[in-house]
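Have a look at the structure below before the remarks.
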Amino acid sequence: MAPLPGFGMLKGLWVTFRRLVDTYRVDLRWRGKRYRSSEGLQDRLSYKTRGIFTVQYPEEKIPPPENFRYVPFLVYDELEGGERKLRCTACGMCARVCPPQCIWITRAVDPETNKPLSQPAEFVIEADVCMNCGLCAEFCPFDAIQMDHNYELASRDRWSDLRFDLKKLSKPASYHAAIHPLRDQQETLERAGKKEEGAA
Amino acid sequence: MTEAPASVTLSDLAQRFPEWVSADGRPGYQGDVVTAGHLREIASALKTDFGYDLLSSVTAADYPVEELQDVIYHFSKSTGGQPLELKCRVPRGEPRLPSLVAIFPGAELQEREAWDLLGIRFEGHPDLRRILTWEGFEGHPLRKDWHEPYFNEEVKPFKDRWPNAKQQPAEQRTVLKDNLKFPPGFNPEGWLQQDDEALYQALKREAVDTPGLISDRIIVNLGPQHPSTHGVFRMAVLLEGETIVSLKPVMGYLHRNHEKIGERNSWIMNIPYTDRLDYITSMSNNFGYVTAVEKLTGVSVPERAEYLRVMMAELTRIASHLISIGFLLNDLGAFYTPSLYALKERELILDVFERVAGSRMMCNYFRFGGVAADLPPGEIERIRGLAFERLPRSVAELDRYLTDSEIVRARCEGIGILPPERALAQSVTGPLLRASGVAYDLRRADPYSIYDRLDFDVVVGRHGDVYDRYRVRLEEIRQSIRILQQVVDGIPEGPILAGKPAWSTRVPAGEVYGRVEGPKGELGFYLVSDGKANPYRYHVRAPCFINLTSLAGMCRGHKIADVVTILGSVDITLGEVDR
């Protein structure tokens, strides 16, 4: 039997109408708490969500998942007495694996003996060239370079603001642990294991 | 990974043409070398007598030491099986070769690409102009002695990055304007006219006379910035009234010479670069590249990693088809309501990618011998929710919403018909080919990974029109959901990577052609390794690019308003077309 002419259109319009009704239905069920609350945000992001799902950026932001990667930073440990110790040893692994070659490392040299030291004198990442692939963090043998979660890097001056030097790149280990809790835990375990191996 | 069975037809070919065909003796190389003068006879014998009806890929490689250039052909059977590789070795100073366009029209754009990037002259090609670069381009960039304007070093990693780096932006190292070169006699000021004249002449040559009222023909340029062309893409059309007489796609506005970058990169560096080919389907691009490299290295992938790969590839296919369906409706004039319904579902898939791989679109998730990361805690339940609850429901909703709509049917049925013979001849692959009724899906035709163990159907259409392409994509989403459900249920525990993570990969010398069924068609990678840390030759067989060969034929005779719809149904991504 041939369907009535126009029936297909009506069927389609019913879908849009259901969507419209769903939005109000869900909003009423949440009693206005669907917006401006983190539970409401989680609901809008979940696969169970119905109705409208807009996230009002920048008033509210989707919390990045742990694996999210953006322009990397360098981790320093805070020693007793407030001293900052960069984990980086200037081994150059990240610079060698970097696909767009945006990492520039100058290794520090002992001014007396002229021997290379295992720390960077300068470390530059061209944030405008970086493709956020995360290979540097993946292959760093000292867990010294990690991918950041801060994606709001818009700037008016590419030459100065997007040239990330040591000062701009260095962030405390506590920050790393806060944004990558699982990864930090695993790295700490692995480092402890390595130390034991070395001692034995 | 299934081992390549001994190809019977190759020896048949050598038996049939003993004087013209010889095996490629270089270590690690496969296929046969044929003499350039007899290429046409051999190709037509392959097509008519051996059943190789699909010319998968045409590319070339430069060997300056031997003063030779290889032109490499991969032929496939639409009934399935391994591809057959043929090579012609031509002198580098005078690379001339008969064109295969008359036998395999699918060679048209690919031969133009090989001319543009490597300088191979295909004699008898109807329209051998540059395709990805412009007329004012000096040289052929994929030749080994060609250097890009911001040239730093032959291969990465560059020595000035570590340990004594002095950071300087590329534009300051080599100032643009100092490094501009033009071909001799080329006048950049008067260029626009020259360029378009050649294009318009080609348009007029291909015009077919229509019986009836003779009227003045006019040339209209759609693009390069037409809002519904999915990117910077241009179509020059010759019109008679409102009817298309002939059409020429013009592309390359997004060209960055992906393949040259790929030859400078080390093997692993190419994985994030493949993300940027077809940026809608980055997981599939990763899949194709690592499949090809793994064929060379011979590494076997752990079971769990195979499941994760297939899971991600099928999620990608769903996301890509959703975009295709949603934006086809945009092209029909249903502004943004259907496409946003589709995008919402895709967004949920991209959230999975972000949690698993770290990025929504530039996933960089696959590694040689496995994947980069395991699923985070609780993720499998979310994917299960998508596969069993959310996606089946939303596909049913899209189906209810669009399939029976009288407007969709009136605009799509009988438009842009691509008959199966022409689709095969023009090397069309993917949903576009299947909508024409050819059940050619590499997941079945030349199985890779664990697809031979999974239960799903190859979807085909009957008429090969825009409506069938829409239906095929919708049904393929359902099949992908079926695969996804099996994978979610069956995923085993275990390692996700063979061996330790390695930043440099040892790849034995040789060549390989690896391919997967991407959402847009056959995504192939032709790689040559010389045993060093970088690929010697890195070629992408881009399905979007090759599918465009069929565009002119599909549009001819239709009204100009339908061209946009037909282009939408081809489903191209300019990141892959232009590379």
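Residue numbers start at 1 in each chain; chains themselves are named A, B, ... in the order of the structure tokens; ligands are numbered from 1 in the order shown.
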Per residue of chain B within 9 Å of chain A, which atom pair is closest and at what distance in Å (one decimal), using only C-alpha atoms, listed by chain and increasing number, as a Markdown table?
| residue | atom | partner | partner_atom | distance |
| --- | --- | --- | --- | --- |
| B:Lys156 | CA | A:Arg96 | CA | 7.6 |
| B:Pro157 | CA | A:Arg96 | CA | 5.1 |
| B:Phe158 | CA | A:Gln101 | CA | 7.4 |
| B:Lys159 | CA | A:Arg96 | CA | 9.0 |
| B:Asp160 | CA | A:Trp104 | CA | 7.9 |
| B:Arg161 | CA | A:Trp104 | CA | 4.6 |
| B:Trp162 | CA | A:Ile105 | CA | 5.1 |
| B:Pro163 | CA | A:Thr106 | CA | 5.1 |
| B:Asn164 | CA | A:Thr106 | CA | 4.5 |
| B:Ala165 | CA | A:Thr106 | CA | 5.0 |
| B:Lys166 | CA | A:Trp104 | CA | 7.1 |
| B:Gln167 | CA | A:Trp104 | CA | 6.0 |
| B:Pro169 | CA | A:Glu126 | CA | 8.2 |
| B:Asn265 | CA | A:Pro99 | CA | 6.8 |
| B:Ser266 | CA | A:Pro99 | CA | 8.0 |
| B:Ile268 | CA | A:Val97 | CA | 8.1 |
| B:Met269 | CA | A:Pro99 | CA | 4.8 |
| B:Asn270 | CA | A:Pro99 | CA | 7.4 |
| B:Pro272 | CA | A:Cys133 | CA | 6.1 |
| B:Tyr273 | CA | A:Pro99 | CA | 8.0 |
| B:Thr337 | CA | A:Thr16 | CA | 8.6 |
| B:Lys344 | CA | A:Phe53 | CA | 8.5 |
| B:Glu345 | CA | A:Tyr47 | CA | 8.6 |
| B:Leu348 | CA | A:Tyr47 | CA | 6.6 |
| B:Asp351 | CA | A:Leu45 | CA | 8.6 |
| B:Glu354 | CA | A:Phe68 | CA | 6.2 |
| B:Arg355 | CA | A:Pro65 | CA | 5.5 |
| B:Val356 | CA | A:Asn67 | CA | 6.7 |
| B:Ala357 | CA | A:Asn67 | CA | 6.6 |
| B:Gly358 | CA | A:Phe68 | CA | 3.9 |
| B:Ser359 | CA | A:Phe68 | CA | 5.9 |
| B:Arg360 | CA | A:Phe68 | CA | 8.8 |
| B:Met362 | CA | A:Cys133 | CA | 7.6 |
| B:Cys363 | CA | A:Cys133 | CA | 7.9 |
| B:Asn364 | CA | A:Cys133 | CA | 6.4 |
| B:Ala372 | CA | A:Glu138 | CA | 8.7 |
| B:Pro376 | CA | A:Asn67 | CA | 8.6 |
| B:Arg382 | CA | A:Tyr47 | CA | 7.5 |
| B:Gly385 | CA | A:Tyr47 | CA | 7.0 |
| B:Leu386 | CA | A:Tyr47 | CA | 6.5 |
| B:Glu389 | CA | A:Lys48 | CA | 8.5 |
| B:Arg390 | CA | A:Tyr47 | CA | 6.3 |
| B:Glu397 | CA | A:Val15 | CA | 7.2 |
| B:Leu398 | CA | A:Val15 | CA | 8.6 |
| B:Asp399 | CA | A:Gly12 | CA | 9.0 |
| B:Arg400 | CA | A:Gly12 | CA | 6.2 |
| B:Tyr401 | CA | A:Gly12 | CA | 3.9 |
| B:Leu402 | CA | A:Gly12 | CA | 6.2 |
| B:Thr403 | CA | A:Gly8 | CA | 7.8 |
| B:Asp404 | CA | A:Gly8 | CA | 4.6 |
| B:Ser405 | CA | A:Gly8 | CA | 4.3 |
| B:Glu406 | CA | A:Gly8 | CA | 5.9 |
| B:Ile407 | CA | A:Met9 | CA | 7.6 |
| B:Pro501 | CA | A:Phe139 | CA | 7.8 |
| B:Ala502 | CA | A:Phe139 | CA | 7.8 |
| B:Trp503 | CA | A:Val97 | CA | 6.6 |
| B:Ser504 | CA | A:Val97 | CA | 8.1 |
- Enumerate, as a PyMOL selection string, the complete set of residues in range 68-131 of chain A that a backbone-based DSSP assignment places in strand (DSSP E or B). chain A and resi 70-78+84-86+103-109+116-126
- Query: Within 9 Å of Glu306 in chain B, counting only C-alpha atoms, which residues qualify if same-chain residues fewer than 2 places away don't, as a PyMOL selection string?
  - Reply: chain B and resi 301-304+308-311+370-371+449-450+496
- Find the spatial neighbours of Val55 in chain A, counting only C-alpha atoms, within a cut-off of 9 Å - ignore same-chain residues fewer than 6 positions away - and output them as a PyMOL selection string. chain A and resi 35+41+44-45+61-62
- Message: Could you list, as a ChimeraX atom specification, every residue within 10 Å of Lys85 in chain A, counting only C-alpha atoms and ignoring same-chain residues fewer than 4 positions away?
- Response: /A:75-79,119,172-173
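Residue nearest Thr133 in chain B within the list B:Gly575, B:Pro508, B:Gly252, B:Gly298: B:Gly252 [criterion: smallest interatomic distance, only C-alpha atoms].
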- Could you check how far CA of Lys181 in chain B sits from CA of Pro149 in chain B, in Å to one decimal?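 Here the two named atoms are 9.1 Å from each other.
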- Query: Within 12 Å of Arg29 in chain A, counting only C-alpha atoms, which residues qualify if same-chain residues fewer than 6 places away don't, as a ChimeraX atom specification?
  - Reply: /A:22-23,40,50-51
- 12 Å contact set for range 327-336 of chain B, only C-alpha atoms, chain neighbours under 2 positions out, as a ChimeraX atom specification: /B:226-230,320-325,338-344,398,401-403,405,407-412,466-467,469-471,473,561-572
- For CA of Gly81 in chain B and CA of Trp267 in chain B, quote the distance in Å rounded to one decimal.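 A separation of 27.5 Å between them.
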